Amino acid sequence: MDKSKRLFRKSKRSFRRRLPPIGSGDRIDYRNMSLISQFISEQGKILSRRVNRLTLKQQRLITIAIKQARILSSLPFLNNEKQFEKTESIPRTTGPRTRNK
């Protein structure tokens with residue numbers, strides 16, 4: 001085989017296919033909090049389909065289930081686990097302002 005043709009051959013790597021995060025027996029429902037919580041970020045946002053490795057239909061069902069759980073208050077709209085650290089604020093002056101002309 002010619003050297004120039006060898007450069008363009010694909011390498012034969014074996015790729016291990018990742019298993020889908022939702023099994024065939026799992027029911028996507030707003031009451032299934034253990035399943036729903038896998039698809040929410042630390043900030044409480046719904047993760048994208050590319051990150052979740054879900055099909056389009058599964059992503060739609062997960063999104064609907066998360067929104068239903070939020071409306072029924074079984075899931076918070078925002079995740080408040082991390083309390084924001086209070087930064088030192090600069091004291092404001094409340095006295096009369098003087099204009100520099």
# chains A, B, ... in the order shown; residues from 1 in each chain; ligands from 1
>>> residues_around(residues="Gln59 in chain A", least_positions_apart="6", cutoff="12 Å", atoms="only C-alpha atoms", output="ChimeraX atom specification")
/A:21-22,28,36,39-40,46-53,65-66
>>> residues_around(residues="Leu78 in chain A", least_positions_apart="2", cutoff="8 Å", atoms="only C-alpha atoms", output="NGL selection string")
:A and (43-45 or 76 or 80)
>>> write_last_selection(atoms="C-alpha atoms", output="tab-separated table (two decimals), in the first residue's frame")
chain	number	residue	atom	x	y	z
A	43	GLN	CA	-28.63	26.00	39.91
A	44	GLY	CA	-31.97	24.27	39.27
A	45	LYS	CA	-31.87	24.54	35.48
A	76	PRO	CA	-38.16	24.27	43.73
A	80	ASN	CA	-31.07	27.41	47.20
>>> atom_distance(atom1="CA of Gly25 in chain A", atom2="CA of Phe77 in chain A")
27.6 Å
>>> residues_around(residues="Gly23 in chain A", least_positions_apart="3", cutoff="12 Å", atoms="only C-alpha atoms", output="list in words")
Leu19, Pro20, Asp26, Arg27, Ile28, Leu35, Leu54 and Gln58 of chain A
>>> write_last_selection(atoms="N, CA, C and O atoms", output="mmCIF file, in the first residue's frame")
data_model
loop_
_atom_site.group_PDB
_atom_site.id
_atom_site.type_symbol
_atom_site.label_atom_id
_atom_site.label_comp_id
_atom_site.auth_asym_id
_atom_site.auth_seq_id
_atom_site.Cartn_x
_atom_site.Cartn_y
_atom_site.Cartn_z
ATOM 1 N N LEU A 19 -24.578 3.742 27.996
ATOM 2 C CA LEU A 19 -25.946 3.323 28.223
ATOM 3 C C LEU A 19 -26.836 4.541 28.419
ATOM 4 O O LEU A 19 -26.409 5.534 29.010
ATOM 5 N N PRO A 20 -28.065 4.493 27.943
ATOM 6 C CA PRO A 20 -28.959 5.633 28.157
ATOM 7 C C PRO A 20 -29.306 5.779 29.633
ATOM 8 O O PRO A 20 -29.426 4.777 30.346
ATOM 9 N N ASP A 26 -38.201 2.554 33.475
ATOM 10 C CA ASP A 26 -38.409 3.803 34.213
ATOM 11 C C ASP A 26 -39.568 4.589 33.620
ATOM 12 O O ASP A 26 -39.679 4.750 32.404
ATOM 13 N N ARG A 27 -40.423 5.061 34.484
ATOM 14 C CA ARG A 27 -41.558 5.865 34.044
ATOM 15 C C ARG A 27 -41.239 7.330 34.290
ATOM 16 O O ARG A 27 -40.902 7.710 35.412
ATOM 17 N N ILE A 28 -41.330 8.137 33.244
ATOM 18 C CA ILE A 28 -41.062 9.569 33.358
ATOM 19 C C ILE A 28 -42.337 10.225 33.865
ATOM 20 O O ILE A 28 -43.326 10.318 33.142
ATOM 21 N N LEU A 35 -35.595 10.251 39.589
ATOM 22 C CA LEU A 35 -35.255 10.303 38.165
ATOM 23 C C LEU A 35 -35.138 11.740 37.685
ATOM 24 O O LEU A 35 -34.180 12.099 36.995
ATOM 25 N N LEU A 54 -30.248 12.041 26.016
ATOM 26 C CA LEU A 54 -31.615 11.561 25.886
ATOM 27 C C LEU A 54 -32.083 11.701 24.451
ATOM 28 O O LEU A 54 -31.536 12.479 23.670
ATOM 29 N N GLN A 58 -37.787 11.685 24.976
ATOM 30 C CA GLN A 58 -37.492 11.585 26.404
ATOM 31 C C GLN A 58 -37.232 12.957 27.002
ATOM 32 O O GLN A 58 -37.675 13.253 28.121
#
>>> closest_residue(among="A:Ser37, A:Asp29, A:Ser73, A:Asn100", to="Arg60 in chain A", atoms="only C-alpha atoms")
A:Asp29
